[in-house]
Each structure stands twice: as structure tokens, then as C-alpha cells.
Amino acid sequence: MQIEIEDVGLVFFKSSERYKRISIKLKPFEGVQVFYPKGCCIEKAIDFAKKKKQWIKNTKEKIKEHESKSTIFDENSDFKTANFKLQVQKYSGVNVRIQLKNGILDVFYPESVHVSNSSVQEAIRLSIEKAMRLEAKKILPPRISQLASQFGFQYNKIFIKNLKSRWGSCSGVNNINLNIHLVRLPEYLSDYVMLHELCHTKEKNHGPNFWKLLDQCTDNKAKIFAKEVNNYWMSF
């Protein structure tokens, strides 16, 4: 259900037995979401959102600022993943040329156009996404298989996707989605995300039992890693 709240805009409200208390979530490209427990009247959830109006407005501004930012890739860009580094340079040709070799993603653009040209930037982004997808498909499935075996988890299928606002997710039938942007994270945080989703194969919510289980897999650093992951964005 969506409800208009003054000075905030449309807010999505959802109730479920999995929620133990009222909570507000804001994610890039997803807007404002308020979750509340079954049995809790929606008026109480609306009142809660209104009381948090200033916090919502401040957080929306931060997210909007990030969404509006558009990285311009050029010769000075420092973009890298676990397996490759971006290198942008001019050349005498007439078309953008891409080459991924020996851990370097080379993007050659015509010297007759500026690097900020939209067609050049689009070509760079598409090449980065393609390279990340190939890398993610190569390293993430075997790694999550290792982690599952190490900590005694079982899952159904693994899907690698370019998600816009989540590092990963776990379905009700234990299919796990992993974001291609995980290859940009430090290895220990990528492992944390995969362990997070593996824990959801046993605990479908974020209650105390979930965090206890995740702590057991991360040397009691689950909440620390969760905060660290929030310092990274799933866009470029």
C-alpha cells in the first residue's frame, strides 16, 4: 500500500509476520519503505513514519545526491575489481575499442572526441559491466559453494545479476541472487554478503537468531561488516 505523506511523498507500507517491529528502509531507486508486524494497525505505522519525517527527508537527500552523480571515466580513473583494472586512453582510430587482457580492461577512444562524450562513457560502462559479469560468474559460485560447505549450509540455485540496490538476496526456496558488484568489494566483505544470504536459508528474517547465526560464521563481526558494506555503492 502506498500513502502520501506531506513533505516526504509516496511511502510504501507493508505488513508481514516476519517483521517484529516497525522499521523504515530507504534504498537507491526504491524510495521509502515502511515495514510493520502483522497485528499492528497501519495508522500506527503511518504515525511512526511521520515522527521520523526529518530523518527520512535527510536520508532521501543523501540518496538522491548519490543517484544523480555520474562518474566520468577518463585517463585518471582508478576503477578496479578483484581481477581487472580499467585503463582509458586515446588512440587514432574512429571507434571506441575495448580489450580485456592480462588483468587490464583497455578502453581506447577516438582522439577526435572528448572522453566525456556520452557515446564514449556509455561504451566504457557497458564494457565494465560485461567484464564484471564475466568475473562474477567465474569466482562467486565456487566461493559461495566453499562457504556453504564450510559452515554447513545448503542452497538451491545461484543467479548472478546486476542488482541496483541489493548486494544479494535469498528466496523462499533458497535460490540465491548475487550482485556482480561484489567483485568490487574487499574479499572479506564479499564473503560476508554471501554468508548473509546463506544464513537466510535457515533464518528467513533479520531477527536475533539470524544475527546469532551470522555472528557464528563471521567471528562475531556481523554487525561490523554490515556497517562497512554500507560504505560501498552498487553503481558507478
# chains A, B, ... in the order shown; residues from 1 in each chain; ligands from 1

$ residues_around --residues "Val113 in chain A" --least-positions-apart "5" --cutoff "12 Å" --atoms "only C-alpha atoms" --output "list in words"
Gln89, Lys90, Tyr91, Ser92, Gly93, Val94, Asn95, Val96, Phe108, Ser118, Ser119, Val120 and Gln121 of chain A

$ residues_around --residues "range 206-215 of chain A" --least-positions-apart "6" --cutoff "8 Å" --atoms "only C-alpha atoms" --output "JSON, numbers by chain"
{"A": [20, 195, 196, 199, 200, 221, 222]}

$ residues_around --residues "Leu140 in chain A" --least-positions-apart "5" --cutoff "12 Å" --atoms "only C-alpha atoms" --output "MDAnalysis selection string"
chainID A and resid 82 132:135 145:147 158:161 168 176:184 187 190:191 193:195

$ write_last_selection --atoms "C-alpha atoms" --output "PDB file, in the first residue's frame"
ATOM      1  CA  ALA A  82      39.413  -8.356  -7.855  1.00  0.00           C
ATOM      2  CA  MET A 132      32.351  -7.632 -14.072  1.00  0.00           C
ATOM      3  CA  ARG A 133      29.623 -10.082 -15.060  1.00  0.00           C
ATOM      4  CA  LEU A 134      32.172 -12.488 -16.548  1.00  0.00           C
ATOM      5  CA  GLU A 135      34.352 -12.177 -13.454  1.00  0.00           C
ATOM      6  CA  SER A 145      29.894 -23.249  -2.599  1.00  0.00           C
ATOM      7  CA  GLN A 146      33.048 -23.313  -0.445  1.00  0.00           C
ATOM      8  CA  LEU A 147      31.426 -21.172   2.243  1.00  0.00           C
ATOM      9  CA  ILE A 158      22.761 -19.330  -7.720  1.00  0.00           C
ATOM     10  CA  PHE A 159      21.981 -16.396 -10.012  1.00  0.00           C
ATOM     11  CA  ILE A 160      24.443 -13.615 -10.857  1.00  0.00           C
ATOM     12  CA  LYS A 161      22.748 -10.276 -11.597  1.00  0.00           C
ATOM     13  CA  GLY A 168      22.252 -10.219  -2.677  1.00  0.00           C
ATOM     14  CA  ILE A 176      20.388 -17.015  -4.040  1.00  0.00           C
ATOM     15  CA  ASN A 177      20.946 -13.892  -6.141  1.00  0.00           C
ATOM     16  CA  LEU A 178      24.399 -12.308  -6.019  1.00  0.00           C
ATOM     17  CA  ASN A 179      25.273  -8.855  -7.329  1.00  0.00           C
ATOM     18  CA  ILE A 180      28.038  -8.588  -9.928  1.00  0.00           C
ATOM     19  CA  HIS A 181      29.336  -5.585  -7.943  1.00  0.00           C
ATOM     20  CA  LEU A 182      30.520  -7.979  -5.227  1.00  0.00           C
ATOM     21  CA  VAL A 183      33.739  -8.308  -7.218  1.00  0.00           C
ATOM     22  CA  ARG A 184      34.467  -4.678  -6.312  1.00  0.00           C
ATOM     23  CA  GLU A 187      37.175 -10.248  -0.273  1.00  0.00           C
ATOM     24  CA  SER A 190      32.131 -10.217  -0.385  1.00  0.00           C
ATOM     25  CA  ASP A 191      32.304 -13.325   1.818  1.00  0.00           C
ATOM     26  CA  VAL A 193      27.424 -10.852   1.850  1.00  0.00           C
ATOM     27  CA  MET A 194      27.421 -14.470   0.700  1.00  0.00           C
ATOM     28  CA  LEU A 195      27.308 -15.739   4.285  1.00  0.00           C
TER      29      LEU A 195
END

$ select_by_dssp --residues "range 23-204 of chain A" --states "strand (DSSP E or B)" --output "PyMOL selection string"
chain A and resi 23-27+31-37+80+85-91+97-101+104-110+158-161+168-170+176-179

$ write_last_selection --atoms "N, CA and C atoms" --output "compact mmCIF listing (two decimals), in the first residue's frame"
# COMPACT_ATOMS: atom_id res chain seq x y z
N SER A 23 9.82 -0.65 11.02
CA SER A 23 11.13 -0.19 10.56
C SER A 23 10.98 0.54 9.22
N ILE A 24 11.91 1.44 8.97
CA ILE A 24 11.92 2.22 7.74
C ILE A 24 13.18 1.90 6.96
N LYS A 25 13.01 1.68 5.66
CA LYS A 25 14.17 1.41 4.80
C LYS A 25 14.14 2.34 3.60
N LEU A 26 15.28 2.90 3.30
CA LEU A 26 15.44 3.72 2.11
C LEU A 26 16.62 3.18 1.33
N LYS A 27 16.38 2.86 0.06
CA LYS A 27 17.44 2.33 -0.79
C LYS A 27 17.43 3.08 -2.12
N GLY A 31 12.89 4.15 -3.22
CA GLY A 31 12.03 5.02 -2.44
C GLY A 31 11.98 4.67 -0.97
N VAL A 32 10.93 5.15 -0.30
CA VAL A 32 10.77 4.96 1.14
C VAL A 32 9.85 3.77 1.40
N GLN A 33 10.29 2.85 2.25
CA GLN A 33 9.50 1.67 2.57
C GLN A 33 9.37 1.54 4.09
N VAL A 34 8.15 1.31 4.56
CA VAL A 34 7.89 1.12 5.98
C VAL A 34 7.32 -0.28 6.18
N PHE A 35 7.98 -1.07 7.01
CA PHE A 35 7.54 -2.43 7.28
C PHE A 35 7.03 -2.52 8.72
N TYR A 36 5.91 -3.22 8.91
CA TYR A 36 5.36 -3.33 10.25
C TYR A 36 4.77 -4.73 10.48
N PRO A 37 4.72 -5.18 11.74
CA PRO A 37 4.29 -6.55 12.05
C PRO A 37 2.80 -6.78 11.78
N LYS A 80 38.80 -0.58 -10.30
CA LYS A 80 39.33 -1.94 -10.37
C LYS A 80 38.44 -2.90 -9.60
N LYS A 85 41.68 -4.12 -13.90
CA LYS A 85 41.79 -2.68 -13.67
C LYS A 85 41.46 -1.96 -14.96
N LEU A 86 40.69 -0.87 -14.85
CA LEU A 86 40.31 -0.08 -16.02
C LEU A 86 41.45 0.83 -16.45
N GLN A 87 41.65 0.92 -17.76
CA GLN A 87 42.64 1.83 -18.31
C GLN A 87 42.04 2.50 -19.55
N VAL A 88 41.86 3.81 -19.48
CA VAL A 88 41.24 4.58 -20.57
C VAL A 88 42.32 5.39 -21.27
N GLN A 89 42.33 5.37 -22.59
CA GLN A 89 43.32 6.14 -23.33
C GLN A 89 42.86 6.47 -24.75
N LYS A 90 43.40 7.56 -25.28
CA LYS A 90 43.09 7.97 -26.65
C LYS A 90 43.84 7.10 -27.65
N TYR A 91 43.28 7.06 -28.88
CA TYR A 91 44.03 6.45 -29.98
C TYR A 91 43.55 7.06 -31.29
N ARG A 97 37.29 1.22 -28.89
CA ARG A 97 37.77 -0.16 -28.94
C ARG A 97 38.01 -0.69 -27.53
N ILE A 98 37.55 -1.89 -27.25
CA ILE A 98 37.65 -2.48 -25.91
C ILE A 98 38.52 -3.73 -25.98
N GLN A 99 39.34 -3.89 -24.94
CA GLN A 99 40.17 -5.10 -24.87
C GLN A 99 40.40 -5.47 -23.41
N LEU A 100 40.09 -6.70 -23.06
CA LEU A 100 40.35 -7.21 -21.71
C LEU A 100 41.43 -8.28 -21.81
N LYS A 101 42.61 -7.96 -21.25
CA LYS A 101 43.73 -8.88 -21.37
C LYS A 101 44.70 -8.67 -20.20
N ILE A 104 43.87 -6.21 -17.42
CA ILE A 104 43.66 -4.81 -17.79
C ILE A 104 42.48 -4.71 -18.74
N LEU A 105 41.49 -3.88 -18.39
CA LEU A 105 40.38 -3.59 -19.29
C LEU A 105 40.73 -2.29 -20.01
N ASP A 106 41.25 -2.42 -21.22
CA ASP A 106 41.66 -1.25 -22.00
C ASP A 106 40.47 -0.72 -22.78
N VAL A 107 40.23 0.58 -22.66
CA VAL A 107 39.21 1.26 -23.46
C VAL A 107 39.92 2.34 -24.26
N PHE A 108 39.94 2.19 -25.57
CA PHE A 108 40.56 3.17 -26.46
C PHE A 108 39.45 4.00 -27.11
N TYR A 109 39.53 5.32 -26.99
CA TYR A 109 38.52 6.17 -27.59
C TYR A 109 39.17 7.11 -28.60
N PRO A 110 38.43 7.51 -29.64
CA PRO A 110 39.00 8.35 -30.71
C PRO A 110 39.50 9.69 -30.17
N ILE A 158 22.07 -20.61 -7.82
CA ILE A 158 22.76 -19.33 -7.72
C ILE A 158 22.53 -18.54 -9.01
N PHE A 159 22.16 -17.28 -8.86
CA PHE A 159 21.98 -16.40 -10.01
C PHE A 159 22.88 -15.17 -9.83
N ILE A 160 23.57 -14.79 -10.89
CA ILE A 160 24.44 -13.62 -10.86
C ILE A 160 23.76 -12.50 -11.64
N LYS A 161 23.51 -11.35 -10.97
CA LYS A 161 22.75 -10.28 -11.60
C LYS A 161 23.38 -8.91 -11.31
N GLY A 168 22.70 -8.85 -2.44
CA GLY A 168 22.25 -10.22 -2.68
C GLY A 168 20.88 -10.43 -2.09
N SER A 169 20.30 -11.59 -2.35
CA SER A 169 19.01 -11.94 -1.78
C SER A 169 18.85 -13.45 -1.78
N CYS A 170 17.94 -13.92 -0.95
CA CYS A 170 17.67 -15.35 -0.85
C CYS A 170 16.16 -15.55 -0.91
N ILE A 176 19.61 -18.18 -4.48
CA ILE A 176 20.39 -17.02 -4.04
C ILE A 176 20.80 -16.16 -5.24
N ASN A 177 20.51 -14.87 -5.15
CA ASN A 177 20.95 -13.89 -6.14
C ASN A 177 22.17 -13.16 -5.60
N LEU A 178 23.20 -13.04 -6.41
CA LEU A 178 24.40 -12.31 -6.02
C LEU A 178 24.67 -11.19 -7.02
N ASN A 179 25.03 -10.03 -6.51
CA ASN A 179 25.27 -8.86 -7.33
C ASN A 179 26.65 -8.91 -7.97

$ atom_distance --atom1 "CA of Lys51 in chain A" --atom2 "CA of Trp167 in chain A"
29.4 Å

$ atom_distance --atom1 "CA of Asn156 in chain A" --atom2 "CA of Val173 in chain A"
7.1 Å

$ select_by_dssp --residues "range 18-229 of chain A" --states "alpha helix (DSSP H)" --output "number ranges by chain"
A: 42-51, 53-68, 118-151, 187-199, 208-217, 222-229

$ closest_residue --among "A:Asn76, A:Asn83, A:Ser235, A:Asn58" --to "Asn162 in chain A" --atoms "only C-alpha atoms"
A:Ser235

$ closest_residue --among "A:Ile124, A:Asp7, A:Ala226, A:Gln216" --to "Glu75 in chain A" --atoms "only C-alpha atoms"
A:Ile124

$ atom_distance --atom1 "CA of Lys130 in chain A" --atom2 "CA of Leu189 in chain A"
22.0 Å

$ closest_residue --among "A:Ile144, A:Ile3, A:Val8, A:Ile56" --to "Ile42 in chain A" --atoms "only C-alpha atoms"
A:Ile3

$ closest_residue --among "A:Leu185, A:Val115, A:Ala131, A:Ile46" --to "Leu10 in chain A" --atoms "only C-alpha atoms"
A:Ile46
